[in-house]
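Visitor: What follows is upload.txt; its format and atoms are compact mmCIF, C-alpha atoms.
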```
# COMPACT_ATOMS: atom_id res chain seq x y z
CA MET A 1 0.00 0.00 0.00
CA LEU A 2 2.87 2.31 0.76
CA GLU A 3 4.50 1.59 -2.57
CA MET A 4 1.26 2.47 -4.38
CA ASP A 5 1.02 5.78 -2.58
CA ILE A 6 4.59 6.60 -3.56
CA HIS A 7 3.88 5.84 -7.24
CA THR A 8 0.73 7.92 -7.20
CA PHE A 9 2.59 10.81 -5.64
CA ILE A 10 5.29 10.64 -8.32
CA ILE A 11 2.66 10.65 -11.12
CA PHE A 12 0.99 13.77 -9.71
CA ILE A 13 4.35 15.50 -9.50
CA LEU A 14 5.13 14.66 -13.16
CA LEU A 15 1.73 15.90 -14.34
CA GLY A 16 2.28 19.15 -12.54
CA VAL A 17 5.66 19.59 -14.19
CA VAL A 18 4.15 18.94 -17.64
CA GLN A 19 1.36 21.40 -17.08
CA THR A 20 3.82 24.08 -16.06
CA THR A 21 6.07 23.47 -19.08
CA ILE A 22 3.27 23.29 -21.74
CA ALA A 23 1.55 26.64 -21.98
CA THR A 24 -2.09 26.63 -23.06
CA PRO A 25 -2.77 28.79 -26.18
CA PRO A 26 -4.42 32.12 -25.47
CA VAL A 27 -8.12 32.53 -26.25
CA TYR A 28 -9.03 34.68 -29.27
CA SER A 29 -9.37 38.35 -28.50
CA ILE A 30 -9.32 41.64 -30.39
CA ALA A 31 -6.04 42.55 -28.76
CA LEU A 32 -4.50 39.28 -29.89
CA GLU A 33 -5.62 39.88 -33.51
CA GLU A 34 -4.31 43.45 -33.41
CA SER A 35 -0.99 42.10 -32.23
CA LEU A 36 -0.91 39.68 -35.15
CA ARG A 37 -1.79 42.44 -37.62
CA THR A 38 1.00 44.58 -36.27
CA GLU A 39 3.52 41.80 -36.73
CA LEU A 40 2.31 40.91 -40.24
CA PHE A 41 1.89 44.36 -41.76
CA THR A 42 4.68 46.33 -40.07
CA SER A 43 7.15 45.64 -42.86
CA TYR A 44 4.58 44.53 -45.49
CA THR A 45 4.60 46.31 -48.89
CA ALA A 46 1.38 46.06 -50.90
CA GLN A 47 3.14 47.02 -54.14
CA GLN A 48 5.52 44.03 -53.96
CA ARG A 49 4.22 40.73 -55.31
CA PRO A 50 4.69 37.70 -53.03
CA ASP A 51 7.02 35.74 -55.30
CA LYS A 52 8.86 35.94 -58.60
CA LYS A 53 5.98 34.05 -60.26
CA VAL A 54 2.57 34.00 -58.60
CA ARG A 55 -0.02 31.40 -59.58
CA VAL A 56 -3.49 32.90 -59.34
CA GLY A 57 -6.55 30.62 -59.21
CA ILE A 58 -9.74 31.77 -60.99
CA ARG A 59 -13.31 30.61 -60.53
CA PHE A 60 -16.43 32.27 -61.93
CA HIS A 61 -19.78 32.14 -60.12
CA LEU A 62 -22.65 32.90 -62.53
CA LEU A 63 -25.66 34.41 -60.77
CA THR A 64 -27.91 35.37 -63.71
CA VAL A 65 -28.02 36.50 -67.33
CA ASN A 66 -29.39 40.02 -67.38
CA ASP A 67 -29.69 40.54 -71.12
CA LEU A 68 -28.39 39.21 -74.41
CA ASN A 69 -28.86 41.82 -77.12
CA ILE A 70 -28.07 40.26 -80.48
CA LYS A 71 -28.69 43.61 -82.19
CA ASP A 72 -25.87 45.30 -80.23
CA GLN A 73 -24.00 41.98 -79.86
CA THR A 74 -23.58 42.38 -76.10
CA LEU A 75 -24.14 40.07 -73.13
CA SER A 76 -24.77 41.33 -69.61
CA LEU A 77 -23.98 38.93 -66.75
CA SER A 78 -24.22 39.17 -62.98
CA GLY A 79 -21.71 37.17 -60.99
CA TYR A 80 -18.51 37.22 -59.02
CA LEU A 81 -15.00 35.86 -59.31
CA THR A 82 -13.14 33.82 -56.74
CA ILE A 83 -9.48 34.81 -56.98
CA ASP A 84 -6.91 33.25 -54.68
CA TRP A 85 -3.12 33.12 -54.34
CA TRP A 86 -0.46 32.44 -51.70
CA ASP A 87 1.48 35.18 -49.97
CA SER A 88 4.23 33.73 -47.79
CA ARG A 89 4.62 37.04 -45.95
CA LEU A 90 1.18 36.58 -44.40
CA GLN A 91 1.74 33.19 -42.83
CA TRP A 92 1.25 32.94 -39.06
CA SER A 93 4.29 30.65 -38.71
CA ASN A 94 6.55 33.26 -40.28
CA THR A 95 5.87 35.98 -37.71
CA SER A 96 8.92 37.45 -36.05
CA SER A 97 7.56 37.26 -32.51
CA THR A 98 7.94 34.11 -30.45
CA SER A 99 6.25 35.38 -27.36
CA GLN A 100 2.72 35.13 -28.76
CA ASP A 101 0.73 32.08 -29.85
CA TYR A 102 -1.82 32.86 -32.63
CA THR A 103 -3.20 29.37 -33.21
CA SER A 104 -6.64 30.50 -32.05
CA ILE A 105 -6.86 32.90 -34.98
CA ASN A 106 -7.98 31.12 -38.15
CA PHE A 107 -8.47 34.04 -40.54
CA LEU A 108 -7.65 37.69 -40.95
CA PHE A 109 -9.51 40.15 -43.15
CA ALA A 110 -8.01 43.06 -45.05
CA THR A 111 -8.79 45.19 -48.11
CA GLU A 112 -6.87 45.64 -51.34
CA GLU A 113 -5.38 48.86 -49.99
CA HIS A 114 -3.25 46.86 -47.51
CA VAL A 115 -2.66 43.56 -49.33
CA TRP A 116 -1.08 42.93 -52.71
CA ARG A 117 -3.54 41.74 -55.35
CA PRO A 118 -3.10 40.66 -58.98
CA ALA A 119 -4.14 43.13 -61.69
CA ILE A 120 -6.91 41.37 -63.61
CA ILE A 121 -9.22 42.74 -66.32
CA ILE A 122 -12.26 41.61 -68.34
CA GLU A 123 -10.60 41.97 -71.72
CA ASN A 124 -13.73 41.87 -73.89
CA GLY A 125 -15.72 44.30 -71.74
CA VAL A 126 -17.96 46.77 -73.59
CA ASP A 127 -18.48 49.58 -71.10
CA GLY A 128 -14.75 49.95 -70.51
CA ILE A 129 -11.59 48.03 -69.71
CA SER A 130 -10.24 48.58 -66.22
CA VAL A 131 -8.54 46.51 -63.53
CA ILE A 132 -11.03 44.72 -61.30
CA SER A 133 -11.09 46.66 -58.05
CA ASP A 134 -13.45 46.90 -55.09
CA THR A 135 -12.17 48.36 -51.86
CA SER A 136 -15.37 47.41 -50.06
CA VAL A 137 -14.85 43.66 -50.58
CA PRO A 138 -12.57 42.23 -47.86
CA MET A 139 -9.88 39.67 -48.57
CA ARG A 140 -9.81 36.54 -46.44
CA ILE A 141 -6.28 35.63 -45.29
CA ALA A 142 -5.72 32.09 -43.99
CA HIS A 143 -3.01 31.09 -41.50
CA ASP A 144 -0.97 29.41 -44.26
CA GLY A 145 -0.79 32.65 -46.29
CA ARG A 146 -3.59 31.87 -48.73
CA VAL A 147 -5.51 35.00 -49.81
CA ILE A 148 -9.10 34.63 -51.13
CA TRP A 149 -10.87 37.55 -52.83
CA ASN A 150 -14.42 37.62 -54.25
CA PRO A 151 -15.05 40.79 -56.28
CA ALA A 152 -18.62 40.88 -57.67
CA GLY A 153 -20.15 42.92 -60.45
CA VAL A 154 -22.25 43.15 -63.60
CA TYR A 155 -20.09 42.26 -66.58
CA LYS A 156 -21.15 43.52 -70.00
CA VAL A 157 -19.08 41.84 -72.69
CA ASN A 158 -18.98 41.67 -76.46
CA CYS A 159 -20.78 38.67 -77.95
CA GLU A 160 -20.60 37.73 -81.63
CA SER A 161 -24.17 36.76 -82.51
CA ASP A 162 -25.14 33.90 -84.81
CA THR A 163 -28.55 34.73 -86.29
CA LYS A 164 -28.91 31.89 -88.82
CA TYR A 165 -31.69 30.16 -86.87
CA TYR A 166 -33.35 33.25 -85.36
CA PRO A 167 -35.75 33.18 -83.51
CA MET A 168 -34.87 29.59 -82.52
CA ASP A 169 -31.20 30.42 -82.13
CA THR A 170 -28.40 29.42 -79.78
CA GLN A 171 -25.70 31.89 -78.78
CA GLY A 172 -22.24 31.30 -77.32
CA CYS A 173 -20.59 34.23 -75.54
CA TYR A 174 -17.15 34.50 -73.94
CA LEU A 175 -16.00 36.14 -70.74
CA LYS A 176 -12.26 36.68 -71.19
CA VAL A 177 -10.24 37.22 -68.01
CA SER A 178 -6.64 38.34 -68.47
CA ALA A 179 -3.73 39.48 -66.36
CA TRP A 180 -2.79 43.13 -66.78
CA ALA A 181 0.60 44.79 -66.31
CA TYR A 182 2.14 41.55 -64.99
CA THR A 183 3.47 39.28 -67.74
CA GLN A 184 3.03 35.51 -67.87
CA ALA A 185 6.47 35.11 -66.25
CA GLU A 186 5.17 37.08 -63.25
CA ILE A 187 1.51 35.97 -62.98
CA GLU A 188 -0.03 32.76 -64.30
CA LEU A 189 -3.79 32.27 -64.23
CA TYR A 190 -5.17 28.78 -63.71
CA PHE A 191 -8.57 27.23 -63.02
CA LYS A 192 -9.70 26.01 -59.65
CA VAL A 193 -11.74 22.83 -59.22
CA GLU A 194 -15.13 23.38 -60.93
CA PRO A 195 -14.08 26.63 -62.61
CA VAL A 196 -17.70 27.68 -63.30
CA ASP A 197 -20.26 27.56 -60.52
CA THR A 198 -23.99 27.80 -61.34
CA SER A 199 -25.35 26.70 -57.96
CA PHE A 200 -27.04 30.06 -57.38
CA TYR A 201 -28.03 30.75 -60.99
CA ALA A 202 -31.40 32.50 -61.47
CA GLU A 203 -33.25 31.71 -64.71
CA ASN A 204 -33.66 34.35 -67.40
CA GLY A 205 -37.12 34.87 -68.93
CA GLU A 206 -35.88 34.91 -72.53
CA TRP A 207 -32.84 32.63 -72.52
CA ASP A 208 -32.15 29.12 -71.25
CA LEU A 209 -28.66 28.35 -69.95
CA LEU A 210 -27.35 25.35 -71.89
CA SER A 211 -23.85 25.17 -70.42
CA ALA A 212 -21.10 27.17 -68.78
CA GLU A 213 -17.63 26.00 -69.77
CA SER A 214 -14.06 27.14 -69.29
CA PHE A 215 -10.77 26.68 -71.10
CA LYS A 216 -7.28 28.05 -70.91
CA ALA A 217 -6.29 30.30 -73.78
CA GLU A 218 -2.91 30.73 -75.32
CA ALA A 219 -0.86 33.57 -73.89
CA GLN A 220 -1.85 36.91 -75.39
CA THR A 221 1.02 38.98 -76.75
CA ARG A 222 0.94 42.74 -76.29
CA ASP A 223 3.93 44.92 -77.15
CA GLY A 224 6.17 41.85 -77.29
CA ASP A 225 5.16 40.55 -73.83
CA SER A 226 2.93 37.54 -73.16
CA PHE A 227 0.04 37.78 -70.70
CA SER A 228 -1.92 34.92 -69.16
CA SER A 229 -5.65 34.60 -70.05
CA VAL A 230 -8.58 32.30 -69.36
CA PHE A 231 -11.99 32.03 -71.05
CA PHE A 232 -15.47 31.26 -69.75
CA LEU A 233 -17.97 30.18 -72.43
CA ILE A 234 -21.66 30.79 -71.71
CA ARG A 235 -24.04 29.00 -74.10
CA LEU A 236 -27.64 30.26 -74.19
CA GLN A 237 -30.71 29.12 -76.12
CA ARG A 238 -33.71 31.34 -76.78
CA ARG A 239 -37.03 30.33 -75.25
CA LEU A 240 -39.60 29.47 -77.93
CA LEU A 241 -43.10 30.35 -76.78
CA PHE A 242 -43.02 34.12 -77.24
CA HIS A 243 -41.45 34.10 -80.71
CA VAL A 244 -43.52 31.17 -82.01
CA VAL A 245 -46.74 32.98 -81.05
CA ASN A 246 -45.65 36.48 -82.10
CA THR A 247 -43.32 35.85 -85.06
CA LEU A 248 -43.42 32.44 -86.74
CA PHE A 249 -47.16 31.78 -86.50
CA PRO A 250 -48.28 35.17 -87.94
CA VAL A 251 -45.66 35.01 -90.69
CA ALA A 252 -46.89 31.58 -91.83
CA LEU A 253 -50.53 32.67 -91.76
CA MET A 254 -49.89 35.83 -93.76
CA ALA A 255 -47.99 33.80 -96.35
CA ILE A 256 -51.12 31.73 -96.95
CA LEU A 257 -53.18 34.91 -97.33
CA ILE A 258 -51.11 35.86 -100.37
CA ALA A 259 -52.45 32.87 -102.29
CA PHE A 260 -56.05 33.62 -101.34
CA VAL A 261 -56.00 36.84 -103.32
CA PHE A 262 -56.58 34.60 -106.37
CA LYS A 263 -59.68 33.13 -104.69
CA LEU A 264 -61.23 36.58 -104.46
CA PRO A 265 -63.61 37.28 -107.42
CA VAL A 266 -62.73 40.13 -109.70
CA ASP A 267 -66.26 41.51 -109.45
CA SER A 268 -65.78 42.14 -105.72
CA GLY A 269 -63.41 45.01 -106.55
CA GLU A 270 -61.11 44.13 -103.61
CA LYS A 271 -58.42 42.07 -105.29
CA ILE A 272 -55.83 44.84 -105.66
CA GLY A 273 -56.56 46.26 -102.20
CA PHE A 274 -56.24 42.84 -100.59
CA SER A 275 -52.93 42.01 -102.31
CA LEU A 276 -51.45 45.42 -101.44
CA THR A 277 -52.47 45.01 -97.78
CA VAL A 278 -50.69 41.66 -97.51
CA LEU A 279 -47.65 43.10 -99.27
CA LEU A 280 -47.42 45.99 -96.84
CA SER A 281 -47.92 43.67 -93.86
CA TYR A 282 -44.94 41.59 -94.91
CA ALA A 283 -42.86 44.69 -95.47
CA VAL A 284 -43.63 45.78 -91.90
CA TYR A 285 -42.72 42.35 -90.49
CA LEU A 286 -39.48 42.31 -92.43
CA THR A 287 -38.63 45.73 -90.97
CA LEU A 288 -39.42 44.61 -87.41
CA ILE A 289 -37.27 41.50 -87.67
CA SER A 290 -34.44 43.45 -89.28
CA ASP A 291 -34.46 45.77 -86.25
CA ASN A 292 -33.70 42.78 -83.99
CA ILE A 293 -30.89 41.38 -86.13
CA PRO A 294 -27.39 42.92 -86.18
CA SER A 295 -26.30 44.65 -89.35
CA THR A 296 -23.63 42.12 -90.22
CA SER A 297 -22.93 39.90 -93.20
CA ASN A 298 -21.14 37.16 -91.25
CA THR A 299 -24.29 35.06 -91.00
CA VAL A 300 -27.57 35.15 -92.92
CA CYS A 301 -30.85 34.78 -91.06
CA TYR A 302 -33.01 32.10 -92.68
CA LEU A 303 -36.16 33.84 -91.50
CA SER A 304 -35.07 37.01 -93.30
CA LEU A 305 -34.52 35.00 -96.48
CA TYR A 306 -37.97 33.47 -96.09
CA LEU A 307 -39.59 36.87 -95.57
CA ALA A 308 -37.74 38.30 -98.54
CA PHE A 309 -38.95 35.39 -100.71
CA ILE A 310 -42.56 35.78 -99.51
CA LEU A 311 -42.28 39.53 -100.05
CA LEU A 312 -41.20 38.80 -103.62
CA LEU A 313 -44.20 36.51 -104.08
CA ALA A 314 -46.51 39.19 -102.69
CA THR A 315 -45.06 41.75 -105.10
CA ILE A 316 -45.51 39.40 -108.06
CA ALA A 317 -49.05 38.64 -106.82
CA VAL A 318 -49.95 42.33 -107.24
CA ILE A 319 -48.70 42.20 -110.83
CA LEU A 320 -50.54 38.93 -111.56
CA THR A 321 -53.73 40.28 -109.99
CA THR A 322 -53.54 43.28 -112.29
CA PHE A 323 -53.06 40.90 -115.23
CA VAL A 324 -56.10 38.81 -114.21
CA ILE A 325 -58.28 41.92 -113.83
CA ASN A 326 -57.13 43.05 -117.27
CA LEU A 327 -58.22 39.72 -118.79
CA HIS A 328 -61.54 39.88 -116.98
CA MET A 329 -62.32 43.37 -118.26
CA ARG A 330 -61.69 42.56 -121.92
CA THR A 331 -64.69 42.43 -124.25
CA ASP A 332 -65.58 39.70 -126.72
CA ASP A 333 -64.72 42.07 -129.54
CA GLU A 334 -61.07 41.28 -128.87
CA ARG A 335 -60.42 37.94 -130.55
CA MET A 336 -58.50 35.29 -128.60
CA SER A 337 -55.78 33.53 -130.58
CA ASN A 338 -56.12 29.82 -131.33
CA SER A 339 -52.70 29.06 -129.83
CA LEU A 340 -53.78 30.61 -126.52
CA LYS A 341 -57.00 28.60 -126.62
CA LYS A 342 -55.12 25.40 -127.35
CA PHE A 343 -52.52 26.01 -124.62
CA THR A 344 -55.24 26.84 -122.15
CA SER A 345 -57.35 23.77 -122.94
CA ASN A 346 -54.40 21.35 -123.04
CA TYR A 347 -52.45 22.55 -119.99
CA LEU A 348 -53.93 25.37 -117.94
CA ILE A 349 -57.40 23.86 -117.54
CA LYS A 350 -55.94 20.57 -116.36
CA PHE A 351 -53.58 22.25 -113.90
CA ALA A 352 -56.31 24.52 -112.58
CA CYS A 353 -58.94 21.72 -112.48
CA TRP A 354 -61.33 24.30 -113.87
CA LYS A 355 -64.92 23.00 -113.77
CA ASN A 356 -63.50 19.58 -112.80
CA LYS A 357 -61.82 19.20 -116.20
CA CYS A 358 -58.82 17.46 -114.63
CA CYS A 359 -61.04 14.80 -113.03
CA HIS A 360 -63.04 14.32 -116.25
CA ARG A 361 -59.83 13.89 -118.24
CA LYS A 362 -58.58 11.21 -115.85
CA ASN A 363 -61.87 9.35 -116.05
CA THR A 364 -61.82 9.55 -119.84
CA VAL A 365 -58.31 8.14 -119.97
CA HIS A 366 -59.33 5.39 -117.55
CA HIS A 367 -62.33 4.40 -119.72
CA GLU A 368 -60.24 4.49 -122.88
CA ARG A 369 -57.69 2.15 -121.30
CA SER A 370 -60.49 -0.16 -120.14
CA ASP A 371 -61.98 -0.27 -123.65
CA LEU A 372 -58.57 -1.03 -125.12
CA GLN A 373 -58.10 -3.91 -122.69
CA ILE A 374 -61.53 -5.32 -123.60
CA TYR A 375 -60.76 -5.08 -127.33
CA ASN A 376 -57.39 -6.76 -126.81
CA ILE A 377 -59.00 -9.61 -124.89
CA LYS A 378 -61.51 -10.15 -127.67
CA GLY A 379 -58.72 -10.06 -130.22
CA THR A 380 -60.18 -7.15 -132.10
CA HIS A 381 -58.53 -3.93 -133.18
CA LEU A 382 -59.62 -0.34 -133.33
CA SER A 383 -60.85 0.57 -136.74
CA GLU A 384 -59.70 3.51 -138.74
CA ASN A 385 -63.12 5.07 -138.30
CA ASN A 386 -62.78 4.91 -134.52
CA ASN A 387 -59.32 6.43 -134.75
CA SER A 388 -60.55 9.24 -136.91
CA HIS A 389 -63.47 9.83 -134.54
CA TYR A 390 -61.10 9.91 -131.57
CA ASN A 391 -58.76 12.35 -133.33
CA GLU A 392 -61.69 14.53 -134.28
CA THR A 393 -62.92 14.60 -130.71
CA LYS A 394 -59.42 15.38 -129.48
CA HIS A 395 -59.17 18.20 -132.02
CA LYS A 396 -62.44 19.62 -130.81
CA GLU A 397 -61.23 19.45 -127.23
CA GLY A 398 -58.07 21.31 -128.26
CA SER A 399 -60.03 24.14 -129.82
CA ILE A 400 -62.80 24.77 -127.29
CA ASP A 401 -64.23 28.24 -127.22
CA LEU A 402 -63.25 30.43 -124.23
CA THR A 403 -64.30 33.88 -123.19
CA TRP A 404 -61.91 36.37 -121.58
CA LYS A 405 -63.82 36.12 -118.32
CA GLU A 406 -63.42 32.35 -118.29
CA LEU A 407 -59.71 32.72 -119.05
CA SER A 408 -59.31 35.09 -116.10
CA GLU A 409 -60.99 32.54 -113.83
CA ILE A 410 -58.67 29.83 -115.12
CA MET A 411 -55.61 31.99 -114.54
CA ASP A 412 -56.79 32.75 -110.98
CA LYS A 413 -56.94 29.05 -110.23
CA VAL A 414 -53.55 28.41 -111.87
CA PHE A 415 -51.87 31.16 -109.86
CA TYR A 416 -53.58 29.97 -106.66
CA ASN A 417 -52.23 26.43 -107.12
CA ILE A 418 -48.72 27.67 -107.93
CA TYR A 419 -48.64 30.00 -104.93
CA MET A 420 -49.92 27.38 -102.51
CA ILE A 421 -47.22 24.96 -103.67
CA LEU A 422 -44.42 27.54 -103.37
CA ILE A 423 -45.61 28.81 -99.98
CA ALA A 424 -46.07 25.31 -98.58
CA ILE A 425 -42.60 24.19 -99.71
CA SER A 426 -40.80 27.33 -98.52
CA THR A 427 -42.60 27.35 -95.14
CA PHE A 428 -41.88 23.65 -94.62
CA VAL A 429 -38.19 24.13 -95.46
CA LEU A 430 -37.92 27.13 -93.09
CA PHE A 431 -39.41 25.24 -90.15
CA VAL A 432 -37.32 22.14 -90.79
CA VAL A 433 -34.11 24.16 -90.94
CA ILE A 434 -34.68 26.25 -87.81
CA ILE A 435 -36.01 23.27 -85.81
CA PHE A 436 -32.91 21.30 -86.83
CA GLY A 437 -30.72 24.17 -85.65
CA TYR A 438 -32.66 24.40 -82.39
CA ASN A 439 -32.35 20.68 -81.63
CA ASN A 440 -28.67 20.59 -82.65
CA PRO A 441 -27.15 23.66 -81.00
CA ASP A 442 -23.60 22.44 -81.70
CA THR A 443 -24.15 23.10 -85.43
CA SER A 444 -25.03 26.76 -84.88
```
Write the structure described by the file as structure tokens, please.
Guide:
Amino acid sequence: MLEMDIHTFIIFILLGVVQTTIATPPVYSIALEESLRTELFTSYTAQQRPDKKVRVGIRFHLLTVNDLNIKDQTLSLSGYLTIDWWDSRLQWSNTSSTSQDYTSINFLFATEEHVWRPAIIIENGVDGISVISDTSVPMRIAHDGRVIWNPAGVYKVNCESDTKYYPMDTQGCYLKVSAWAYTQAEIELYFKVEPVDTSFYAENGEWDLLSAESFKAEAQTRDGDSFSSVFFLIRLQRRLLFHVVNTLFPVALMAILIAFVFKLPVDSGEKIGFSLTVLLSYAVYLTLISDNIPSTSNTVCYLSLYLAFILLLATIAVILTTFVINLHMRTDDERMSNSLKKFTSNYLIKFACWKNKCCHRKNTVHHERSDLQIYNIKGTHLSENNNSHYNETKHKEGSIDLTWKELSEIMDKVFYNIYMILIAISTFVLFVVIIFGYNNPDTS
């Protein structure tokens, strides 16, 4: 029992010695942090970079797309950059004092007025090119000398627009971040893990965010010196509902109206007025769409080509309507040539299906072929009298009498059929092309 008491006594003595030799770290206090600041910044120079070559990490946090104006070819973004680097002069372990223990202090905060920062610009900015600076945003300084800075802002950059598939278009815009004043041998920009963050992205009412990518660019050379640069690619796709309802649908409907001018009777007296109204409507639409498209020849908008083609058809429709009215107003005193009668009866009547002539002709041919099959089965042949009768009938059909009014009605139906075919084909091609471009954004 005595030996145990002696051992216990010795253990307590050793513990007391250890506790006296190992000092407990001081608790965090304002005075302790002020002491650390004094030691760190007494001989610190904000104009001196931390090392011969400083590696600066870049990360872009996209908050929202404010506006993409393809007319002005500009993109406005809201977001902030995470910029970090190491400054060995700001490490806790490198302080000159040994009388203080700062392990209870995890971070310090300072502004760009007191800490060195890299000079970085948005190189393709529209409103102006200046070094990113914000004295109100504090820098977080870790105990190992790592400095983290998060300047935020609204960045308005140049964006080369691709209007081929407008209004179902996809746009890719770049945010180019470059080092300024410091060459690549002095500052090198590199991407952090997940260089683009969209966790807090707010949707835009006109544009869908397809992707946000990043890639390192080749060093930019200015005045013989190379400067480090990085790119952020923002890919956006236009939302459909508004432009389908307000652009594509009315354009397609008005195109059909052009053909219906030939369904309007001449006696109504509204043919010219109707065709001119449709022509002017298309001219207005072409002007409105041209106002939303940049004045550039790099890409051609398929919708503009379609409108120009329909505008051409509407212009020709006014001329053809005048021609039809002229035929309708002619009197029987003006003799119609036999060649015109023959061409009309052999071709135009069939194409126009005037008074069901096209259907009657098909039925006649069908009956003739049936009769020939019956005669062949019986082993008989058509006589010369039948041939002469058939040729005589055919000759009579080729020289039917027509009035000018009937010819105008035939021409109306011919022009209506031609216009419906052209409008249907052109509208179908337009929708196929722009839908293909919308579903395959990589081709745009």
Visitor: Can you pull out every residue within 12 Å of A:Ile410, counting all atoms listed in the file, but drop anything in the same chain fewer than 5 positions away, and send it as an MDAnalysis selection string?
Guide: chainID A and resid 262:263 265 324 327:328 341 343:345 347:357 402:405 415:417
Visitor: What lies within 10 Å of stretch 64-77 of chain A using only C-alpha atoms, ignoring chain neighbours under 5 positions off, as an NGL selection string?
Guide: :A and (125-126 or 153-163 or 171-175 or 198 or 200-209 or 234 or 236 or 238 or 290-296)
Visitor: Print the selection's residues with C-alpha atoms to a file, as a PDB file, in the coordinates of the input.
Guide:
```pdb
ATOM      1  CA  GLY A 125     -15.720  44.300 -71.740  1.00  0.00           C
ATOM      2  CA  VAL A 126     -17.960  46.770 -73.590  1.00  0.00           C
ATOM      3  CA  GLY A 153     -20.150  42.920 -60.450  1.00  0.00           C
ATOM      4  CA  VAL A 154     -22.250  43.150 -63.600  1.00  0.00           C
ATOM      5  CA  TYR A 155     -20.090  42.260 -66.580  1.00  0.00           C
ATOM      6  CA  LYS A 156     -21.150  43.520 -70.000  1.00  0.00           C
ATOM      7  CA  VAL A 157     -19.080  41.840 -72.690  1.00  0.00           C
ATOM      8  CA  ASN A 158     -18.980  41.670 -76.460  1.00  0.00           C
ATOM      9  CA  CYS A 159     -20.780  38.670 -77.950  1.00  0.00           C
ATOM     10  CA  GLU A 160     -20.600  37.730 -81.630  1.00  0.00           C
ATOM     11  CA  SER A 161     -24.170  36.760 -82.510  1.00  0.00           C
ATOM     12  CA  ASP A 162     -25.140  33.900 -84.810  1.00  0.00           C
ATOM     13  CA  THR A 163     -28.550  34.730 -86.290  1.00  0.00           C
ATOM     14  CA  GLN A 171     -25.700  31.890 -78.780  1.00  0.00           C
ATOM     15  CA  GLY A 172     -22.240  31.300 -77.320  1.00  0.00           C
ATOM     16  CA  CYS A 173     -20.590  34.230 -75.540  1.00  0.00           C
ATOM     17  CA  TYR A 174     -17.150  34.500 -73.940  1.00  0.00           C
ATOM     18  CA  LEU A 175     -16.000  36.140 -70.740  1.00  0.00           C
ATOM     19  CA  THR A 198     -23.990  27.800 -61.340  1.00  0.00           C
ATOM     20  CA  PHE A 200     -27.040  30.060 -57.380  1.00  0.00           C
ATOM     21  CA  TYR A 201     -28.030  30.750 -60.990  1.00  0.00           C
ATOM     22  CA  ALA A 202     -31.400  32.500 -61.470  1.00  0.00           C
ATOM     23  CA  GLU A 203     -33.250  31.710 -64.710  1.00  0.00           C
ATOM     24  CA  ASN A 204     -33.660  34.350 -67.400  1.00  0.00           C
ATOM     25  CA  GLY A 205     -37.120  34.870 -68.930  1.00  0.00           C
ATOM     26  CA  GLU A 206     -35.880  34.910 -72.530  1.00  0.00           C
ATOM     27  CA  TRP A 207     -32.840  32.630 -72.520  1.00  0.00           C
ATOM     28  CA  ASP A 208     -32.150  29.120 -71.250  1.00  0.00           C
ATOM     29  CA  LEU A 209     -28.660  28.350 -69.950  1.00  0.00           C
ATOM     30  CA  ILE A 234     -21.660  30.790 -71.710  1.00  0.00           C
ATOM     31  CA  LEU A 236     -27.640  30.260 -74.190  1.00  0.00           C
ATOM     32  CA  ARG A 238     -33.710  31.340 -76.780  1.00  0.00           C
ATOM     33  CA  SER A 290     -34.440  43.450 -89.280  1.00  0.00           C
ATOM     34  CA  ASP A 291     -34.460  45.770 -86.250  1.00  0.00           C
ATOM     35  CA  ASN A 292     -33.700  42.780 -83.990  1.00  0.00           C
ATOM     36  CA  ILE A 293     -30.890  41.380 -86.130  1.00  0.00           C
ATOM     37  CA  PRO A 294     -27.390  42.920 -86.180  1.00  0.00           C
ATOM     38  CA  SER A 295     -26.300  44.650 -89.350  1.00  0.00           C
ATOM     39  CA  THR A 296     -23.630  42.120 -90.220  1.00  0.00           C
TER      40      THR A 296
END
```
Visitor: Which residue, A:Leu305, A:Ala424, A:Val261, A:Ile121, has the smallest gap to A:Ser133 when you use only C-alpha atoms?
Guide: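 Going through A:Leu305, A:Ala424, A:Val261, A:Ile121 one by one, the smallest distance to A:Ser133 is for A:Ile121.
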Visitor: Using Å and a single decimal, report how far atom CA of A:Leu257 sits from atom CA of A:Tyr166.
Guide: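 One can read the atom CA of A:Tyr166 to atom CA of A:Leu257 distance as 23.2 Å.
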Visitor: Measure the distance from atom CA of A:Val429 to atom CA of A:Leu264 in Å and round it to one decimal.
Guide: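 Computing it gives 27.7 Å between the two atoms.
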Visitor: Quick one: residues within 8 Å of stretch 314-316 of chain A, only C-alpha atoms, excluding same-chain residues fewer than 3 positions away - as a ChimeraX atom specification?
Guide: /A:258,275,278-279,310-311,319-320
Visitor: Point out the residue among A:Leu62, A:Arg49, A:Val131, A:Met168 with the least atom-to-atom distance to A:Phe436, counting all atoms listed in the file.
Guide: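 Checking each of A:Leu62, A:Arg49, A:Val131, A:Met168 against A:Phe436, counting all atoms listed in the file, the winner is A:Met168.
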Visitor: Please check which residues have atoms at most 10 Å from (-4.5, 32.4, -39.4) in the file's coordinates, counting only C-alpha atoms, and write them as a list in words.
Guide: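 Looking at atoms near the point gives Glu33, Leu36, Leu90, Gln91, Trp92, Ser93, Tyr102, Thr103, Ser104, Ile105, Asn106, Phe107, Leu108, Phe109, Arg140, Ile141, Ala142, His143, Asp144, Gly145 and Arg146 of chain A.
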Visitor: Of the candidates A:Ala317, A:Val56, A:Leu210, A:Val433, which shows the shortest atom-to-atom distance to A:Glu188, using all atoms listed in the file?
Guide: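 Among the listed residues, the smallest separation from A:Glu188 belongs to A:Val56.
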